[in-house]
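Asker: Data: structure_1.cif, mmCIF, C-alpha atoms.
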```
data_input
#
loop_
_atom_site.label_atom_id
_atom_site.label_comp_id
_atom_site.auth_asym_id
_atom_site.auth_seq_id
_atom_site.Cartn_x
_atom_site.Cartn_y
_atom_site.Cartn_z
CA MET A 1 19.65 -11.93 15.98
CA ASN A 2 20.23 -14.22 12.99
CA PHE A 3 17.84 -13.00 10.31
CA ASP A 4 18.06 -12.80 6.52
CA TRP A 5 17.10 -9.13 6.26
CA ASP A 6 17.77 -8.77 2.53
CA ASN A 7 15.42 -11.61 1.68
CA PHE A 8 12.83 -10.42 4.20
CA LEU A 9 12.75 -6.80 3.04
CA TRP A 10 12.84 -7.39 -0.71
CA PRO A 11 9.02 -7.86 -1.06
CA TYR A 12 8.51 -4.62 0.89
CA ASP A 13 10.83 -2.78 -1.50
CA GLU A 14 8.77 -4.12 -4.39
CA ALA A 15 5.49 -3.11 -2.71
CA VAL A 16 6.70 0.46 -2.12
CA ARG A 17 7.92 0.73 -5.73
CA GLU A 18 4.58 -0.49 -7.12
CA LEU A 19 2.46 1.67 -4.82
CA LYS A 20 4.40 4.82 -5.67
CA ILE A 21 3.88 4.13 -9.37
CA LYS A 22 0.16 3.49 -8.90
CA PHE A 23 -0.54 6.63 -6.88
CA ARG A 24 1.60 8.81 -9.14
CA SER A 25 -0.30 7.43 -12.13
CA LEU A 26 -3.56 8.22 -10.33
CA ARG A 27 -2.38 11.83 -9.92
CA GLN A 28 -1.46 12.01 -13.59
CA SER A 29 -4.88 10.70 -14.65
CA PHE A 30 -6.56 13.71 -13.02
CA LEU A 31 -4.11 16.16 -14.57
CA THR A 32 -4.43 14.62 -18.04
CA LYS A 33 -8.19 15.20 -17.88
CA GLY A 34 -7.61 18.81 -16.84
CA GLU A 35 -8.99 18.17 -13.36
CA HIS A 36 -7.68 19.06 -9.92
CA SER A 37 -5.67 16.17 -8.53
CA PRO A 38 -6.23 15.43 -4.83
CA ILE A 39 -2.67 14.07 -4.83
CA GLU A 40 0.13 16.66 -4.84
CA PHE A 41 3.04 14.23 -4.54
CA VAL A 42 3.87 10.71 -3.35
CA ILE A 43 6.93 9.36 -1.57
CA GLY A 44 7.69 5.99 -0.02
CA ARG A 45 10.27 4.13 1.99
CA VAL A 46 11.06 0.80 3.61
CA LYS A 47 12.16 0.90 7.24
CA THR A 48 15.86 0.40 7.79
CA VAL A 49 17.04 -2.70 9.61
CA ASP A 50 18.20 -0.59 12.56
CA SER A 51 14.81 1.10 12.79
CA ILE A 52 13.02 -2.25 12.68
CA LYS A 53 15.27 -3.68 15.42
CA GLU A 54 14.74 -0.61 17.61
CA LYS A 55 10.96 -0.89 17.26
CA MET A 56 11.05 -4.63 17.92
CA THR A 57 12.87 -3.95 21.19
CA ARG A 58 10.66 -1.02 22.19
CA ARG A 59 7.39 -2.79 21.37
CA VAL A 60 8.60 -6.28 22.39
CA ILE A 61 7.86 -7.78 18.96
CA GLU A 62 9.17 -11.27 18.29
CA PRO A 63 10.72 -12.05 14.86
CA GLU A 64 7.98 -14.59 14.10
CA VAL A 65 5.27 -11.89 14.12
CA ILE A 66 7.05 -8.92 12.53
CA GLU A 67 4.96 -9.19 9.37
CA THR A 68 1.68 -8.80 11.25
CA ASP A 69 2.63 -6.75 14.31
CA MET A 70 4.77 -4.10 12.59
CA GLN A 71 2.47 -2.33 10.17
CA ASP A 72 4.82 0.36 8.86
CA ILE A 73 7.77 -1.59 7.44
CA ALA A 74 6.53 -0.41 4.04
CA GLY A 75 5.41 3.21 4.18
CA ILE A 76 3.77 5.44 1.59
CA ARG A 77 3.12 9.15 2.14
CA ILE A 78 0.58 10.97 0.00
CA VAL A 79 0.63 14.75 0.32
CA THR A 80 -2.33 16.91 -0.71
CA GLN A 81 -3.02 20.62 -1.13
CA PHE A 82 -6.26 20.77 0.85
CA VAL A 83 -7.81 18.96 3.81
CA ASP A 84 -10.78 17.90 1.65
CA ASP A 85 -8.33 16.22 -0.71
CA ILE A 86 -7.22 13.90 2.09
CA TYR A 87 -10.69 12.39 2.35
CA LYS A 88 -10.97 12.15 -1.45
CA VAL A 89 -7.77 10.10 -1.45
CA VAL A 90 -9.17 7.94 1.35
CA ASP A 91 -12.27 7.24 -0.76
CA LEU A 92 -10.12 6.47 -3.82
CA ILE A 93 -8.11 3.93 -1.83
CA HIS A 94 -11.26 2.28 -0.46
CA ALA A 95 -12.59 1.96 -4.03
CA ARG A 96 -9.53 0.08 -5.33
CA ASP A 97 -9.59 -3.68 -5.73
CA ASP A 98 -5.80 -4.12 -5.76
CA MET A 99 -5.46 -3.33 -2.04
CA GLU A 100 -7.59 -3.85 1.04
CA VAL A 101 -7.91 -1.41 3.92
CA VAL A 102 -7.53 -3.28 7.20
CA GLU A 103 -7.25 -0.34 9.61
CA GLU A 104 -7.45 3.45 9.57
CA ARG A 105 -6.86 6.24 12.07
CA ASP A 106 -8.00 9.83 11.60
CA TYR A 107 -5.50 12.09 13.36
CA ILE A 108 -6.95 15.12 11.59
CA GLN A 109 -10.25 15.19 13.41
CA ASN A 110 -8.52 13.69 16.46
CA ALA A 111 -5.06 15.26 16.61
CA LYS A 112 -2.42 13.72 18.85
CA PRO A 113 -1.51 15.65 22.04
CA SER A 114 1.66 16.86 20.31
CA GLY A 115 -0.46 18.52 17.64
CA TYR A 116 0.34 15.90 14.98
CA ARG A 117 -2.29 15.60 12.25
CA SER A 118 -2.44 13.04 9.46
CA TYR A 119 -4.71 10.27 8.16
CA HIS A 120 -3.26 6.77 8.50
CA MET A 121 -4.43 3.74 6.56
CA VAL A 122 -3.06 0.23 6.93
CA ILE A 123 -3.55 -1.84 3.80
CA SER A 124 -3.08 -5.42 2.76
CA TYR A 125 -1.26 -5.56 -0.58
CA THR A 126 -0.08 -8.46 -2.73
CA VAL A 127 3.18 -8.45 -4.66
CA TYR A 128 3.90 -11.10 -7.28
CA LEU A 129 7.38 -12.52 -6.85
CA PRO A 130 9.21 -15.16 -8.91
CA ASP A 131 8.23 -17.82 -6.38
CA GLY A 132 4.59 -16.71 -6.18
CA PRO A 133 2.32 -14.05 -4.66
CA LYS A 134 3.06 -12.60 -1.21
CA THR A 135 0.56 -10.51 0.73
CA LEU A 136 2.00 -8.01 3.16
CA ILE A 137 0.99 -5.02 5.26
CA ALA A 138 1.83 -1.42 4.36
CA GLU A 139 0.97 1.92 5.93
CA ILE A 140 -0.26 4.94 3.98
CA GLN A 141 -0.07 8.39 5.57
CA ILE A 142 -2.12 11.13 3.94
CA ARG A 143 -1.59 14.76 4.95
CA THR A 144 -1.58 18.30 3.58
CA LEU A 145 1.54 20.23 2.65
CA ALA A 146 1.26 22.21 5.91
CA MET A 147 0.81 19.07 8.02
CA ASN A 148 3.72 17.44 6.23
CA PHE A 149 6.01 20.40 6.92
CA TRP A 150 5.15 20.31 10.63
CA ALA A 151 5.53 16.53 10.89
CA THR A 152 8.90 16.61 9.10
CA VAL A 153 10.25 19.21 11.53
CA GLU A 154 8.85 17.32 14.53
CA HIS A 155 10.39 14.07 13.28
CA THR A 156 13.78 15.78 12.95
CA LEU A 157 13.56 17.20 16.48
CA ASN A 158 12.71 13.75 17.78
CA TYR A 159 16.18 12.51 16.80
CA LYS A 160 17.60 14.99 19.30
CA TYR A 161 15.08 14.63 22.11
CA GLN A 162 13.83 11.03 21.60
CA GLY A 163 10.27 12.17 22.36
CA GLU A 164 11.25 13.81 25.66
CA TYR A 165 10.82 17.42 24.59
CA PRO A 166 11.45 20.30 26.99
CA ASP A 167 8.22 22.02 28.01
CA ASP A 168 8.90 25.11 25.91
CA ILE A 169 9.59 23.02 22.78
CA SER A 170 6.43 20.96 23.33
CA GLU A 171 4.35 24.12 23.69
CA ARG A 172 5.85 25.65 20.57
CA LEU A 173 5.20 22.46 18.62
CA ARG A 174 1.56 22.51 19.71
CA ARG A 175 1.21 26.16 18.73
CA THR A 176 2.84 25.67 15.35
CA ALA A 177 0.67 22.59 14.69
CA GLU A 178 -2.40 24.71 15.35
CA ALA A 179 -1.03 27.46 13.11
CA ALA A 180 -0.47 24.92 10.33
CA TYR A 181 -4.06 23.71 10.72
CA GLN A 182 -5.37 27.28 10.61
CA LEU A 183 -3.40 27.75 7.37
CA ASP A 184 -5.12 24.67 5.96
CA GLU A 185 -8.50 26.09 7.00
CA GLU A 186 -7.78 29.43 5.31
CA MET A 187 -6.56 27.73 2.14
CA SER A 188 -9.69 25.56 2.06
CA ALA A 189 -11.77 28.75 2.16
CA ILE A 190 -10.22 29.90 -1.14
CA LYS A 191 -9.89 26.42 -2.62
CA ASP A 192 -12.14 27.14 -5.61
CA GLU A 193 -10.12 30.22 -6.54
CA VAL A 194 -6.84 28.31 -6.26
CA GLN A 195 -8.08 25.43 -8.38
CA GLU A 196 -9.44 27.78 -11.05
CA ALA A 197 -6.08 29.55 -11.19
CA GLN A 198 -4.32 26.19 -11.53
CA LYS A 199 -6.56 25.25 -14.47
CA ILE A 200 -5.77 28.53 -16.23
CA PHE A 201 -2.05 28.03 -15.61
CA THR A 202 -2.15 24.46 -16.93
CA LYS A 203 -4.10 25.49 -20.03
CA ASN A 204 -1.70 28.33 -20.82
CA LYS A 205 1.28 26.08 -20.26
CA GLY A 206 -0.17 23.62 -22.74
CA LYS A 207 -0.56 26.38 -25.34
CA GLU A 208 3.09 27.35 -24.89
CA LYS A 209 4.20 23.81 -25.74
CA SER A 210 2.04 23.56 -28.87
#
```
Can you give me the file's structure in the form of structure tokens?

Answerer:
Amino acid sequence: MNFDWDNFLWPYDEAVRELKIKFRSLRQSFLTKGEHSPIEFVIGRVKTVDSIKEKMTRRVIEPEVIETDMQDIAGIRIVTQFVDDIYKVVDLIHARDDMEVVEERDYIQNAKPSGYRSYHMVISYTVYLPDGPKTLIAEIQIRTLAMNFWATVEHTLNYKYQGEYPDDISERLRRTAEAAYQLDEEMSAIKDEVQEAQKIFTKNKGKEKS
């Protein structure tokens, strides 16, 4: 396949860089005002060439339609403390005028059979390059710390089993996914106490610096 990957992926690198900065700044704006931030941390990545080629083969995607048919070349992950925070982040993204939501999938209310939970948003985002603006597609995954831990472990296991898990591993993954969700439910029940403690900690930390 003769394809200029460096030139093709450069705008996606720029989009991920900009989006990480914007969401991290959004987090900081809450903290600066002494408020609870619905964003705990933000990471991002651009798919590797090998990963793109593998998905093109698996999904039968032609090179001419990669930009529209492969929605996760640019990926942003936003991790939150509480389940409620996920939906606050969703609302914040919908309210922005520098990106447009084109698709969303709620795998929290409708978990996958494996137990996977997360909120996925596909956005249209414009980067401004030396030769002009370019609009591309990026995927944002929003999940709690517990969901992120489970998904990271499951993703690692997938390298070994390629999705064909033995029955005992599949059952354990489902059970641990449910346990992670129960942890989120319990933490949500004491959310006000946790946030009040965080405010006290932040205030005292500020006094120490002054």

Asker: Between atom CA of A:Ile137 and atom CA of A:Asn110, what is the distance, to one decimal in Å?

Answerer: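 Distance between the two atoms: 23.8 Å.
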
Asker: Residues picked by the PyMOL selection byres ((chain A and resi 69) around 12) here, as a PyMOL selection string?

Answerer: chain A and resi 52+55-56+59-68+70-73+122+136-138

Asker: Restricting the calculation to all atoms listed in the file, which member of A:Ser170, A:Thr144, A:Thr80, A:Thr57 is positioned closest to A:Gly115?

Answerer: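 Checking each of A:Ser170, A:Thr144, A:Thr80, A:Thr57 against A:Gly115, counting all atoms listed in the file, the winner is A:Ser170.
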
Asker: When distances are computed from only C-alpha atoms, which of A:Leu9, A:Ile123, A:Ile21, A:Leu26 shows the smallest separation from A:Lys47?

Answerer: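 Of the candidates, the smallest distance to A:Lys47 is held by A:Leu9.
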
Asker: Can you give me, as JSON, numbers by chain, the residues this file yields under the PyMOL selection byres ((chain A and resi 13) around 12)?

Answerer: {"A": [5, 6, 7, 8, 9, 10, 11, 12, 14, 15, 16, 17, 18, 19, 20, 44, 45, 46, 47, 48, 73, 74, 75, 76, 127, 129, 136, 138]}

Asker: Give the answer as one residue: which of A:Leu92, A:Leu31, A:Ile78, A:Ile43 has the shortest atom-to-atom distance to A:Gln141, using all atoms listed in the file?

Answerer: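 Closest candidate: A:Ile78.
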
Asker: I need the output of the PyMOL selection byres ((chain A and resi 82) around 9) for this file as a list in words; which residues are they?

Answerer: Pro38, Thr80, Gln81, Val83, Asp84, Asp85, Ile86, Arg143, Thr144, Leu145, Asp184, Glu185, Met187, Ser188 and Lys191 of chain A

Asker: For the residues in the current selection, export C-alpha atoms as a compact mmCIF listing (two decimals), in the frame of the given file.

Answerer:
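Everything below was put into out-v6.txt:
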```
# COMPACT_ATOMS: atom_id res chain seq x y z
CA PRO A 38 -6.23 15.43 -4.83
CA THR A 80 -2.33 16.91 -0.71
CA GLN A 81 -3.02 20.62 -1.13
CA VAL A 83 -7.81 18.96 3.81
CA ASP A 84 -10.78 17.90 1.65
CA ASP A 85 -8.33 16.22 -0.71
CA ILE A 86 -7.22 13.90 2.09
CA ARG A 143 -1.59 14.76 4.95
CA THR A 144 -1.58 18.30 3.58
CA LEU A 145 1.54 20.23 2.65
CA ASP A 184 -5.12 24.67 5.96
CA GLU A 185 -8.50 26.09 7.00
CA MET A 187 -6.56 27.73 2.14
CA SER A 188 -9.69 25.56 2.06
CA LYS A 191 -9.89 26.42 -2.62
```

Asker: What is the distance, in Å and to one decimal place, between atom CA of A:Met121 and atom CA of A:Ile142?

Answerer: 8.2 Å

Asker: One decimal, Å: what's the distance from atom CA of A:Ile39 over to atom CA of A:Glu186, could you say?

Answerer: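 Those two atoms sit 19.1 Å apart.
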
Asker: Smallest atom-to-atom distance to A:Glu103: which of A:Lys53, A:His120, A:Arg58, A:Arg24, using only C-alpha atoms?

Answerer: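 Ranking A:Lys53, A:His120, A:Arg58, A:Arg24 by distance to A:Glu103, first place goes to A:His120.
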
Asker: Please produce stretch 106-117 of chain A, completed to all heavy atoms, as an mmCIF file, keeping the file's coordinate frame.

Answerer:
```cif
data_model
loop_
_atom_site.group_PDB
_atom_site.id
_atom_site.type_symbol
_atom_site.label_atom_id
_atom_site.label_comp_id
_atom_site.auth_asym_id
_atom_site.auth_seq_id
_atom_site.Cartn_x
_atom_site.Cartn_y
_atom_site.Cartn_z
ATOM 1 N N ASP A 106 -7.858 8.442 12.016
ATOM 2 C CA ASP A 106 -8.000 9.830 11.600
ATOM 3 C C ASP A 106 -7.403 10.743 12.666
ATOM 4 O O ASP A 106 -8.052 11.077 13.660
ATOM 5 C CB ASP A 106 -9.473 10.160 11.367
ATOM 6 C CG ASP A 106 -9.673 11.538 10.749
ATOM 7 O OD1 ASP A 106 -8.726 12.351 10.799
ATOM 8 O OD2 ASP A 106 -10.767 11.806 10.233
ATOM 9 N N TYR A 107 -6.151 11.160 12.439
ATOM 10 C CA TYR A 107 -5.500 12.090 13.360
ATOM 11 C C TYR A 107 -5.694 13.536 12.914
ATOM 12 O O TYR A 107 -5.019 14.431 13.418
ATOM 13 C CB TYR A 107 -4.000 11.778 13.439
ATOM 14 C CG TYR A 107 -3.688 10.439 14.062
ATOM 15 C CD1 TYR A 107 -2.955 9.486 13.353
ATOM 16 C CD2 TYR A 107 -4.103 10.127 15.351
ATOM 17 C CE1 TYR A 107 -2.650 8.248 13.911
ATOM 18 C CE2 TYR A 107 -3.804 8.890 15.906
ATOM 19 C CZ TYR A 107 -3.086 7.968 15.188
ATOM 20 O OH TYR A 107 -2.796 6.741 15.749
ATOM 21 N N ILE A 108 -6.621 13.756 11.982
ATOM 22 C CA ILE A 108 -6.950 15.120 11.590
ATOM 23 C C ILE A 108 -8.098 15.630 12.457
ATOM 24 O O ILE A 108 -8.006 16.695 13.071
ATOM 25 C CB ILE A 108 -7.321 15.189 10.093
ATOM 26 C CG1 ILE A 108 -6.128 14.727 9.261
ATOM 27 C CG2 ILE A 108 -7.758 16.595 9.696
ATOM 28 C CD1 ILE A 108 -6.441 14.455 7.828
ATOM 29 N N GLN A 109 -9.148 14.835 12.523
ATOM 30 C CA GLN A 109 -10.250 15.190 13.410
ATOM 31 C C GLN A 109 -9.890 14.942 14.880
ATOM 32 O O GLN A 109 -10.460 15.568 15.770
ATOM 33 C CB GLN A 109 -11.492 14.359 13.043
ATOM 34 C CG GLN A 109 -11.964 14.551 11.619
ATOM 35 C CD GLN A 109 -12.350 15.985 11.313
ATOM 36 O OE1 GLN A 109 -12.918 16.670 12.161
ATOM 37 N NE2 GLN A 109 -12.020 16.445 10.116
ATOM 38 N N ASN A 110 -8.954 14.030 15.100
ATOM 39 C CA ASN A 110 -8.520 13.690 16.460
ATOM 40 C C ASN A 110 -7.001 13.796 16.538
ATOM 41 O O ASN A 110 -6.296 12.788 16.547
ATOM 42 C CB ASN A 110 -8.981 12.281 16.835
ATOM 43 C CG ASN A 110 -10.483 12.109 16.705
ATOM 44 O OD1 ASN A 110 -11.242 12.575 17.537
ATOM 45 N ND2 ASN A 110 -10.918 11.440 15.646
ATOM 46 N N ALA A 111 -6.514 15.026 16.599
ATOM 47 C CA ALA A 111 -5.060 15.260 16.610
ATOM 48 C C ALA A 111 -4.423 14.659 17.846
ATOM 49 O O ALA A 111 -5.040 14.569 18.911
ATOM 50 C CB ALA A 111 -4.774 16.756 16.547
ATOM 51 N N LYS A 112 -3.168 14.230 17.696
ATOM 52 C CA LYS A 112 -2.420 13.720 18.850
ATOM 53 C C LYS A 112 -2.114 14.878 19.807
ATOM 54 O O LYS A 112 -2.131 16.051 19.403
ATOM 55 C CB LYS A 112 -1.132 13.056 18.381
ATOM 56 C CG LYS A 112 -1.344 11.740 17.642
ATOM 57 C CD LYS A 112 -0.013 11.072 17.336
ATOM 58 C CE LYS A 112 -0.208 9.713 16.676
ATOM 59 N NZ LYS A 112 1.076 9.028 16.414
ATOM 60 N N PRO A 113 -1.832 14.581 21.075
ATOM 61 C CA PRO A 113 -1.510 15.650 22.040
ATOM 62 C C PRO A 113 -0.385 16.566 21.582
ATOM 63 O O PRO A 113 -0.368 17.756 21.914
ATOM 64 C CB PRO A 113 -1.116 14.866 23.302
ATOM 65 C CG PRO A 113 -1.861 13.577 23.197
ATOM 66 C CD PRO A 113 -1.879 13.256 21.725
ATOM 67 N N SER A 114 0.542 16.049 20.798
ATOM 68 C CA SER A 114 1.660 16.860 20.310
ATOM 69 C C SER A 114 1.218 17.889 19.279
ATOM 70 O O SER A 114 1.936 18.842 18.984
ATOM 71 C CB SER A 114 2.719 15.955 19.670
ATOM 72 O OG SER A 114 2.193 15.315 18.517
ATOM 73 N N GLY A 115 0.019 17.672 18.719
ATOM 74 C CA GLY A 115 -0.460 18.520 17.640
ATOM 75 C C GLY A 115 -0.410 17.837 16.283
ATOM 76 O O GLY A 115 -0.911 18.359 15.287
ATOM 77 N N TYR A 116 0.179 16.648 16.237
ATOM 78 C CA TYR A 116 0.340 15.900 14.980
ATOM 79 C C TYR A 116 -1.011 15.617 14.342
ATOM 80 O O TYR A 116 -1.952 15.149 14.991
ATOM 81 C CB TYR A 116 1.052 14.582 15.272
ATOM 82 C CG TYR A 116 1.170 13.647 14.086
ATOM 83 C CD1 TYR A 116 2.218 13.759 13.191
ATOM 84 C CD2 TYR A 116 0.233 12.633 13.883
ATOM 85 C CE1 TYR A 116 2.342 12.893 12.107
ATOM 86 C CE2 TYR A 116 0.347 11.762 12.809
ATOM 87 C CZ TYR A 116 1.399 11.905 11.928
ATOM 88 O OH TYR A 116 1.510 11.048 10.850
ATOM 89 N N ARG A 117 -1.084 15.909 13.021
ATOM 90 C CA ARG A 117 -2.290 15.600 12.250
ATOM 91 C C ARG A 117 -1.900 14.848 10.978
ATOM 92 O O ARG A 117 -0.954 15.220 10.287
ATOM 93 C CB ARG A 117 -3.043 16.877 11.873
ATOM 94 C CG ARG A 117 -3.854 17.495 13.010
ATOM 95 C CD ARG A 117 -4.647 18.693 12.511
ATOM 96 N NE ARG A 117 -5.634 19.125 13.473
ATOM 97 C CZ ARG A 117 -5.421 20.031 14.425
ATOM 98 N NH1 ARG A 117 -4.227 20.594 14.528
ATOM 99 N NH2 ARG A 117 -6.385 20.380 15.257
#
```
